[in-house]
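Quick look at work.cif (mmCIF, C-alpha atoms):
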data_target
#
loop_
_atom_site.label_atom_id
_atom_site.label_comp_id
_atom_site.auth_asym_id
_atom_site.auth_seq_id
_atom_site.Cartn_x
_atom_site.Cartn_y
_atom_site.Cartn_z
CA MET A 1491 88.73 -59.11 164.48
CA THR A 1492 85.32 -58.68 162.92
CA LEU A 1493 84.80 -55.93 160.39
CA GLU A 1494 82.43 -54.24 162.77
CA ALA A 1495 85.13 -54.09 165.43
CA LEU A 1496 87.72 -52.89 162.91
CA ILE A 1497 85.43 -50.11 161.73
CA ARG A 1498 84.71 -49.06 165.30
CA SER A 1499 88.43 -48.93 166.11
CA ALA A 1500 89.21 -47.02 162.91
CA LEU A 1501 86.52 -44.50 163.87
CA ASP A 1502 88.42 -44.02 167.12
CA GLY A 1503 91.47 -43.18 165.03
CA ASP A 1504 93.17 -46.59 165.29
CA ALA A 1505 95.44 -46.65 162.22
CA ALA A 1506 96.28 -50.35 162.65
CA ALA A 1507 92.59 -51.25 162.41
CA TRP A 1508 92.18 -49.06 159.33
CA ASN A 1509 95.27 -50.63 157.74
CA GLU A 1510 93.77 -54.05 158.26
CA ILE A 1511 90.56 -52.98 156.52
CA VAL A 1512 92.70 -51.74 153.62
CA ASP A 1513 94.70 -54.97 153.51
CA ARG A 1514 91.50 -57.00 153.37
CA PHE A 1515 89.92 -55.03 150.54
CA ASP A 1516 92.52 -53.21 148.48
CA GLY A 1517 92.78 -56.16 146.08
CA LEU A 1518 89.02 -55.98 145.58
CA VAL A 1519 89.04 -52.25 144.87
CA TRP A 1520 92.04 -52.54 142.54
CA ALA A 1521 90.55 -55.47 140.61
CA THR A 1522 87.34 -53.46 140.20
CA THR A 1523 89.06 -50.36 138.86
CA ARG A 1524 91.32 -52.41 136.58
CA GLY A 1525 88.29 -54.34 135.39
CA TYR A 1526 87.07 -51.04 133.98
CA ARG A 1527 90.22 -50.82 131.87
CA LEU A 1528 91.30 -47.55 133.41
CA SER A 1529 94.94 -46.69 132.95
CA ALA A 1530 97.09 -47.39 135.98
CA ALA A 1531 97.07 -43.66 136.87
CA ASP A 1532 93.29 -43.34 136.60
CA ALA A 1533 92.79 -46.62 138.43
CA ALA A 1534 94.97 -45.22 141.22
CA ASP A 1535 92.84 -42.05 141.37
CA ALA A 1536 89.57 -44.00 141.39
CA THR A 1537 90.95 -46.31 144.08
CA GLN A 1538 92.01 -43.38 146.23
CA THR A 1539 88.64 -41.67 145.82
CA THR A 1540 86.94 -44.90 146.88
CA TRP A 1541 88.96 -45.10 150.09
CA LEU A 1542 88.52 -41.38 150.84
CA ARG A 1543 84.78 -41.89 150.39
CA LEU A 1544 84.86 -44.75 152.88
CA VAL A 1545 86.64 -42.54 155.42
CA GLU A 1546 83.93 -39.90 154.94
CA HIS A 1547 81.16 -42.44 155.44
CA LEU A 1548 82.78 -44.75 157.95
CA ASP A 1549 80.37 -43.73 160.70
CA ARG A 1550 77.41 -44.51 158.44
CA ILE A 1551 78.23 -48.01 157.25
CA GLN A 1552 74.98 -49.84 157.99
CA ASP A 1553 76.07 -53.40 157.45
CA PRO A 1554 79.79 -54.01 158.04
CA GLU A 1555 79.66 -57.51 156.59
CA ARG A 1556 78.68 -56.01 153.25
CA LEU A 1557 81.58 -53.58 153.20
CA GLY A 1558 83.11 -55.34 150.18
CA ALA A 1559 79.97 -54.76 148.14
CA TRP A 1560 79.85 -51.13 149.33
CA LEU A 1561 83.44 -50.60 148.19
CA ALA A 1562 82.80 -52.33 144.86
CA THR A 1563 79.75 -50.15 144.21
CA THR A 1564 81.64 -47.00 145.13
CA ALA A 1565 84.65 -47.96 142.99
CA ARG A 1566 82.37 -48.72 140.04
CA HIS A 1567 80.76 -45.31 140.38
CA GLU A 1568 84.12 -43.55 140.44
CA CYS A 1569 85.34 -45.54 137.42
CA LEU A 1570 82.28 -44.73 135.34
CA ARG A 1571 82.61 -41.07 136.29
CA LEU A 1572 86.28 -40.99 135.27
CA ILE A 1573 85.59 -42.80 132.02
CA ARG A 1574 82.85 -40.31 131.13
CA LEU A 1575 84.99 -37.40 132.21
CA ARG A 1576 88.12 -38.32 130.36
CA GLY A 1577 86.59 -40.02 127.37
CA ARG A 1578 87.49 -43.50 126.31
CA GLU A 1579 90.66 -42.57 124.46
CA LEU A 1580 92.11 -40.86 127.50
CA ALA A 1581 91.07 -43.57 129.91
CA THR A 1582 93.16 -46.07 128.02
CA ASP A 1583 95.99 -43.87 126.80
CA GLU A 1584 98.45 -45.56 129.07
CA ALA A 1585 99.69 -49.09 128.88
CA ASP A 1586 97.32 -51.35 130.75
CA VAL A 1587 97.41 -54.94 131.72
CA PHE A 1588 95.31 -56.06 128.77
CA ASP A 1589 97.22 -54.17 126.10
CA ALA A 1590 100.70 -53.63 127.41
CA PRO A 1591 103.59 -55.80 126.39
CA ILE A 1592 104.45 -58.06 129.27
CA ASP A 1593 107.60 -56.76 130.86
CA GLN A 1594 110.62 -58.95 130.65
CA ALA A 1595 111.76 -59.27 134.19
CA PRO A 1596 114.99 -61.23 134.10
CA ASP A 1597 113.81 -63.64 136.75
CA ARG A 1598 110.71 -64.54 134.83
CA ARG A 1599 111.14 -67.81 133.07
CA LEU A 1600 110.66 -67.98 129.35
CA LEU A 1601 107.74 -70.36 129.59
CA THR A 1602 105.89 -68.13 131.99
CA ARG A 1603 106.47 -65.15 129.73
CA GLU A 1604 105.07 -67.02 126.77
CA ARG A 1605 102.06 -68.07 128.76
CA ASP A 1606 101.53 -64.52 130.00
CA ARG A 1607 101.63 -63.19 126.45
CA ALA A 1608 99.19 -65.83 125.27
CA LEU A 1609 96.82 -65.04 128.14
CA GLN A 1610 97.13 -61.34 127.48
CA ARG A 1611 96.21 -61.74 123.82
CA ALA A 1612 93.47 -64.21 124.61
CA LEU A 1613 91.96 -61.85 127.21
CA ALA A 1614 92.09 -58.98 124.72
CA SER A 1615 89.96 -61.05 122.34
CA ILE A 1616 87.02 -61.88 124.61
CA GLY A 1617 85.35 -58.48 125.05
CA GLU A 1618 85.46 -55.92 127.84
CA ARG A 1619 82.60 -57.31 129.88
CA CYS A 1620 84.24 -60.74 130.04
CA GLN A 1621 87.64 -59.24 130.79
CA ALA A 1622 86.20 -57.25 133.69
CA LEU A 1623 84.34 -60.24 135.10
CA LEU A 1624 87.40 -62.50 134.91
CA ARG A 1625 89.65 -59.79 136.40
CA MET A 1626 87.38 -59.69 139.44
CA LEU A 1627 86.86 -63.45 139.71
CA ALA A 1628 90.59 -64.02 139.47
CA ALA A 1629 91.64 -61.30 141.91
CA VAL A 1630 94.10 -62.51 144.52
CA GLU A 1631 91.25 -62.15 147.00
CA PRO A 1632 88.41 -63.08 144.65
CA LEU A 1633 85.30 -60.94 144.81
CA SER A 1634 82.11 -62.67 145.91
CA TYR A 1635 79.25 -62.83 143.43
CA GLU A 1636 77.48 -60.13 145.43
CA GLU A 1637 80.55 -57.91 145.16
CA ILE A 1638 80.99 -58.60 141.46
CA GLY A 1639 77.32 -57.80 140.92
CA ALA A 1640 77.90 -54.46 142.68
CA ALA A 1641 81.14 -53.81 140.77
CA LEU A 1642 79.67 -54.52 137.35
CA GLY A 1643 76.06 -53.51 137.88
CA MET A 1644 75.03 -57.04 136.98
CA PRO A 1645 72.34 -59.22 138.59
CA VAL A 1646 73.95 -61.83 140.84
CA GLY A 1647 72.03 -64.61 139.07
CA ALA A 1648 73.68 -63.72 135.76
CA ILE A 1649 77.25 -64.05 137.04
CA GLY A 1650 77.56 -67.85 137.08
CA PRO A 1651 76.35 -68.34 133.48
CA THR A 1652 78.41 -65.34 132.28
CA ARG A 1653 81.49 -66.75 134.01
CA ALA A 1654 81.03 -70.06 132.20
CA ARG A 1655 80.53 -68.33 128.86
CA CYS A 1656 83.54 -66.05 129.27
CA LEU A 1657 85.82 -68.91 130.31
CA GLU A 1658 84.63 -70.92 127.32
CA LYS A 1659 85.41 -68.00 125.00
CA LEU A 1660 88.84 -67.68 126.56
CA ARG A 1661 89.50 -71.39 126.28
CA ARG A 1662 88.52 -71.42 122.61
CA SER A 1663 90.73 -68.47 121.71
CA PRO A 1664 93.47 -69.55 119.29
CA GLU A 1665 96.20 -68.36 121.68
CA LEU A 1666 95.13 -70.71 124.42
CA VAL A 1667 94.27 -73.58 122.11
CA SER A 1668 97.77 -73.48 120.67
CA LEU A 1669 99.22 -73.44 124.15
CA GLY A 1670 97.18 -76.43 125.26
CA MET A 1671 95.84 -74.69 128.36
CA PRO A 1672 93.14 -76.26 130.50
CA MET B 600 89.33 -84.43 138.41
CA ASP B 601 89.27 -80.68 139.00
CA ASP B 602 86.66 -78.56 137.33
CA PRO B 603 88.36 -77.18 134.21
CA ASP B 604 86.74 -73.76 134.74
CA ASP B 605 88.23 -73.56 138.23
CA THR B 606 91.62 -74.60 136.87
CA LEU B 607 91.50 -71.82 134.28
CA VAL B 608 90.45 -69.27 136.91
CA SER B 609 93.42 -70.35 139.06
CA GLU B 610 95.68 -69.88 136.08
CA LEU B 611 94.25 -66.38 135.58
CA ARG B 612 94.68 -65.62 139.27
CA GLU B 613 98.39 -66.39 139.04
CA TYR B 614 98.62 -64.35 135.84
CA PHE B 615 97.03 -61.24 137.36
CA ALA B 616 99.09 -61.60 140.51
CA ARG B 617 102.22 -61.61 138.31
CA VAL B 618 101.36 -58.83 135.90
CA ASP B 619 98.96 -56.55 137.82
CA PRO B 620 99.46 -56.61 141.58
CA VAL B 621 98.09 -53.72 143.65
CA PRO B 622 100.82 -51.07 143.36
CA LEU B 623 102.51 -50.24 146.64
CA LEU B 624 101.72 -46.54 146.24
CA VAL B 625 98.03 -47.33 145.80
CA THR B 626 97.97 -49.31 149.04
CA GLU B 627 99.90 -46.57 150.81
CA ALA B 628 97.46 -43.91 149.59
CA ALA B 629 94.57 -46.06 150.85
CA LYS B 630 96.19 -46.38 154.26
CA ALA B 631 96.85 -42.65 154.39
CA ALA B 632 93.17 -41.95 153.68
CA LEU B 633 92.25 -42.26 157.36
CA GLY B 634 94.41 -39.21 158.03
CA TRP B 635 91.98 -37.12 155.98
CA ARG B 636 89.14 -37.76 158.39
CA ARG B 637 87.78 -34.54 159.91
CA LEU B 638 85.44 -34.40 162.83
CA ASP B 639 85.11 -30.65 163.18
CA ALA B 640 83.16 -29.91 160.00
CA ASP B 641 79.76 -30.75 158.51
CA LEU B 642 80.07 -33.01 155.49
CA ALA B 643 78.59 -31.50 152.34
CA GLU B 644 77.52 -34.49 150.28
CA LEU B 645 77.78 -34.58 146.52
CA LEU B 646 74.33 -33.63 145.22
CA SER B 647 74.99 -33.61 141.51
CA ASP B 648 77.85 -33.92 139.08
CA SER B 649 77.29 -33.13 135.42
CA SER B 650 79.85 -35.78 134.51
CA ASP B 651 77.27 -38.34 135.68
CA SER B 652 74.98 -37.30 132.85
CA SER B 653 75.71 -39.41 129.83
CA VAL B 654 74.40 -36.90 127.28
CA GLU B 655 76.89 -34.31 128.36
CA ALA B 656 79.53 -36.98 128.74
CA GLU B 657 79.17 -37.99 125.13
CA ALA B 658 79.47 -34.36 124.16
CA LEU B 659 82.55 -34.08 126.37
CA ALA B 660 84.16 -37.14 124.88
CA GLY B 661 83.25 -36.18 121.34
CA VAL B 662 83.69 -32.44 121.20
CA ARG B 663 86.26 -31.40 123.76
CA GLY B 664 87.79 -27.97 123.49
CA VAL B 665 85.77 -25.12 122.07
CA GLY B 666 82.12 -25.36 122.99
CA ALA B 667 82.57 -28.41 125.22
CA PRO B 668 80.31 -28.11 128.25
CA VAL B 669 81.90 -27.18 131.54
CA ARG B 670 81.59 -29.69 134.35
CA THR B 671 79.40 -28.50 137.18
CA VAL B 672 79.27 -30.09 140.60
CA SER B 673 77.17 -29.24 143.64
CA PHE B 674 77.39 -30.18 147.31
CA GLY B 675 74.98 -29.63 150.16
CA ALA B 676 75.10 -29.65 153.95
CA GLY B 677 71.81 -28.55 155.51
CA GLU B 678 71.06 -25.05 154.27
CA VAL B 679 74.46 -24.52 152.73
CA THR B 680 75.21 -25.42 149.13
CA VAL B 681 78.50 -25.16 147.31
CA GLU B 682 78.33 -25.10 143.54
CA LEU B 683 81.42 -25.47 141.39
CA GLU B 684 82.39 -25.10 137.78
CA ILE B 685 85.54 -26.97 136.86
CA HIS B 686 87.52 -25.53 133.98
CA VAL B 687 90.26 -27.72 132.57
CA GLU B 688 93.19 -26.37 130.63
CA GLY B 689 95.92 -28.91 130.06
CA THR B 690 97.00 -30.08 133.50
CA ARG B 691 95.75 -26.90 135.17
CA ARG B 692 92.30 -26.55 136.71
CA THR B 693 90.31 -23.47 137.61
CA VAL B 694 87.51 -23.86 140.10
CA LEU B 695 84.78 -21.21 140.06
CA GLY B 696 82.50 -21.47 143.05
CA LEU B 697 79.33 -20.11 144.54
CA ILE B 698 78.31 -20.51 148.15
CA THR B 699 74.66 -20.09 149.14
CA PRO B 700 73.40 -18.52 151.24
CA PRO B 701 76.02 -16.00 150.17
CA SER B 702 78.66 -15.23 152.73
CA VAL B 703 82.20 -13.99 152.99
CA SER B 704 84.08 -17.21 153.68
CA THR B 705 87.53 -18.67 153.63
CA ILE B 706 87.74 -21.61 151.25
CA GLU B 707 90.55 -24.07 151.63
CA ILE B 708 90.98 -26.48 148.74
CA GLU B 709 92.81 -29.59 149.83
CA THR B 710 94.45 -31.98 147.40
CA ALA B 711 94.81 -35.57 148.58
CA ASP B 712 98.32 -36.25 147.43
CA SER B 713 101.48 -36.73 149.38
CA ALA B 714 102.25 -33.01 149.23
CA ALA B 715 98.82 -32.34 150.78
CA GLU B 716 98.71 -28.89 149.21
CA VAL B 717 96.09 -26.42 150.35
CA ALA B 718 95.01 -23.47 148.22
CA THR B 719 93.22 -20.78 150.21
CA VAL B 720 90.89 -18.20 148.67
CA GLU B 721 88.15 -15.86 149.96
CA SER B 722 84.63 -15.57 148.63
CA ASP B 723 83.10 -12.16 148.00
CA GLY B 724 79.87 -10.85 149.54
CA LEU B 725 77.86 -12.73 146.94
CA GLY B 726 79.51 -16.01 147.88
CA ARG B 727 81.57 -16.22 144.72
CA PHE B 728 85.17 -17.40 144.55
CA ARG B 729 87.79 -18.46 142.04
CA ALA B 730 90.70 -20.81 142.66
CA PRO B 731 93.38 -21.68 140.12
CA LEU B 732 95.01 -25.06 140.77
CA PRO B 733 98.24 -26.27 139.20
CA HIS B 734 96.96 -29.81 138.60
CA GLY B 735 94.01 -32.15 139.00
CA GLY B 736 93.55 -34.98 141.48
CA ASN B 737 91.26 -35.65 144.40
CA ILE B 738 90.15 -32.40 146.01
CA ARG B 739 87.73 -31.22 148.66
CA LEU B 740 86.76 -27.78 149.88
CA ARG B 741 86.53 -26.58 153.44
CA VAL B 742 84.37 -23.51 153.82
CA THR B 743 84.71 -21.43 156.97
CA SER B 744 82.21 -18.60 157.09
CA VAL B 745 82.54 -15.40 159.11
CA ASP B 746 79.09 -16.34 160.42
CA PRO B 747 79.02 -18.59 163.47
CA GLY B 748 78.64 -22.34 163.03
CA PRO B 749 80.95 -25.21 162.17
CA PRO B 750 82.83 -25.18 158.87
CA VAL B 751 81.42 -27.14 155.96
CA GLU B 752 83.58 -29.64 154.18
CA THR B 753 82.69 -31.13 150.81
CA SER B 754 82.97 -34.76 149.83
CA TRP B 755 86.03 -35.60 147.69
CA ILE B 756 85.91 -35.29 143.92
CA THR B 757 88.44 -36.11 141.23
CA ILE B 758 89.11 -33.21 138.91
#
Conversion result in structure tokens:
Amino acid sequence: MTLEALIRSALDGDAAAWNEIVDRFDGLVWATTRGYRLSAADAADATQTTWLRLVEHLDRIQDPERLGAWLATTARHECLRLIRLRGRELATDEADVFDAPIDQAPDRRLLTRERDRALQRALASIGERCQALLRMLAAVEPLSYEEIGAALGMPVGAIGPTRARCLEKLRRSPELVSLGMP
Amino acid sequence: MDDPDDTLVSELREYFARVDPVPLLVTEAAKAALGWRRLDADLAELLSDSSDSSVEAEALAGVRGVGAPVRTVSFGAGEVTVELEIHVEGTRRTVLGLITPPSVSTIEIETADSAAEVATVESDGLGRFRAPLPHGGNIRLRVTSVDPGPPVETSWITI
């Protein structure tokens, strides 16, 4: 179903259509909020606000094909608001994916754990802007450049070169060099 | 040969999928959001939020506590405006509000969590009201005036 049709059905109260919209975009919204280094709890709040905002404005979405960019813009706004509201130290008071020790799930193989730790440390060393960009580029459903531009408030033309620079920084980090990653 | 940048991005994609998937509760909350849709009220859009002003935000982040500015938020739907002051004390929140034009109204404050709590207060003849809330979260206000006309419902805000 097209997004336009899904939105129309959701406006008629069709929960299945709404759920499909959520399934298509919740990775995008989550990657955006996590890109802003919010704690898991704050990221959950910002994500929920984003979806509640969409419900409020569902009958006013002008261009359904740009819904991803609309959600990314809205999520960015909510993140910045929360960061300002709580202050930096509160926004990151909880373990987050960039700082937290990787959990030691028993089924996770040793090699994977080592790689995860190396990636975690390497990501922590490349700066917040790069971390956010890579979090969004490497989302399970990757954000388009237009969506990333909306999520980061960055001109679309700057994303390609920034991506290359951030990946280069990551690749040159001692953690990845010693691991012999691509 | 594959582009090394693409290979590294694939590696990162697997990493994030392993260590930071979308939490189930987050997806469930998103799916539940449709249930908060209301068709019987006028939406009062967010007009201003002092937390969007960086000067005050810096003060908030830096000072906090005594003398820290209070967050003010305003909403509007046609002629009606709803202005709020949000006071934070630990986990508790106190919302002081003013409705203009002033009217005696019932104000229901909904919290978008699974408990879906609603706090109900009345405004006085000057449109003023006060609502203590046990915790923060996403809230919205539904204002039903004694005057005729549909209720007004504010956009959601996180407090």
Taking only C-alpha atoms into account, report as an mmCIF file with C-alpha atoms, in the frame of the given file which residues of chain B lie within 7 Å of chain A.
data_model
loop_
_atom_site.group_PDB
_atom_site.id
_atom_site.type_symbol
_atom_site.label_atom_id
_atom_site.label_comp_id
_atom_site.auth_asym_id
_atom_site.auth_seq_id
_atom_site.Cartn_x
_atom_site.Cartn_y
_atom_site.Cartn_z
ATOM 1 C CA PRO B 603 88.360 -77.180 134.210
ATOM 2 C CA ASP B 604 86.740 -73.760 134.740
ATOM 3 C CA THR B 606 91.620 -74.600 136.870
ATOM 4 C CA LEU B 607 91.500 -71.820 134.280
ATOM 5 C CA VAL B 608 90.450 -69.270 136.910
ATOM 6 C CA SER B 609 93.420 -70.350 139.060
ATOM 7 C CA LEU B 611 94.250 -66.380 135.580
ATOM 8 C CA ARG B 612 94.680 -65.620 139.270
ATOM 9 C CA TYR B 614 98.620 -64.350 135.840
ATOM 10 C CA ALA B 616 99.090 -61.600 140.510
ATOM 11 C CA VAL B 618 101.360 -58.830 135.900
ATOM 12 C CA ASP B 619 98.960 -56.550 137.820
ATOM 13 C CA VAL B 621 98.090 -53.720 143.650
ATOM 14 C CA VAL B 625 98.030 -47.330 145.800
ATOM 15 C CA THR B 626 97.970 -49.310 149.040
ATOM 16 C CA ALA B 628 97.460 -43.910 149.590
ATOM 17 C CA ALA B 629 94.570 -46.060 150.850
ATOM 18 C CA LYS B 630 96.190 -46.380 154.260
ATOM 19 C CA ALA B 632 93.170 -41.950 153.680
ATOM 20 C CA LEU B 633 92.250 -42.260 157.360
ATOM 21 C CA ARG B 636 89.140 -37.760 158.390
ATOM 22 C CA SER B 650 79.850 -35.780 134.510
ATOM 23 C CA ASP B 651 77.270 -38.340 135.680
ATOM 24 C CA ALA B 656 79.530 -36.980 128.740
ATOM 25 C CA ALA B 660 84.160 -37.140 124.880
ATOM 26 C CA ASN B 737 91.260 -35.650 144.400
ATOM 27 C CA TRP B 755 86.030 -35.600 147.690
#
What does the distance from atom CA of B:Thr757 to atom CA of A:Gly1558 come to in Å, to one decimal? 21.9 Å
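Atom CA of A:Cys1620 is found 12.1 Å from atom CA of A:Met1644.
The space separating atom CA of B:Arg691 from atom CA of B:Pro731 comes to 7.6 Å.
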Near A:Ala1641, within 10 Å and counting all atoms listed in the file, which residues show up once chain neighbours fewer than 5 positions away are dropped, as a ChimeraX atom specification? /A:1518-1519,1521-1523,1525-1526,1558-1567,1569,1622-1623,1626,1633,1635-1636
For the PyMOL selection byres ((chain B and resi 736) around 7), applied here, can you spell out every residue it catches as a PyMOL selection string? chain B and resi 710+734-735+737-738+757-758
Let's have the selection written as a compact mmCIF listing (two decimals), keeping the file's coordinate frame, with C-alpha atoms.
# COMPACT_ATOMS: atom_id res chain seq x y z
CA THR B 710 94.45 -31.98 147.40
CA HIS B 734 96.96 -29.81 138.60
CA GLY B 735 94.01 -32.15 139.00
CA ASN B 737 91.26 -35.65 144.40
CA ILE B 738 90.15 -32.40 146.01
CA THR B 757 88.44 -36.11 141.23
CA ILE B 758 89.11 -33.21 138.91
Quick one: residues within 9 Å of B:Val681, all atoms listed in the file, excluding same-chain residues fewer than 5 positions away - as JSON, numbers by chain? {"B": [643, 672, 673, 674, 675, 676, 696, 697, 698, 699, 742, 753]}
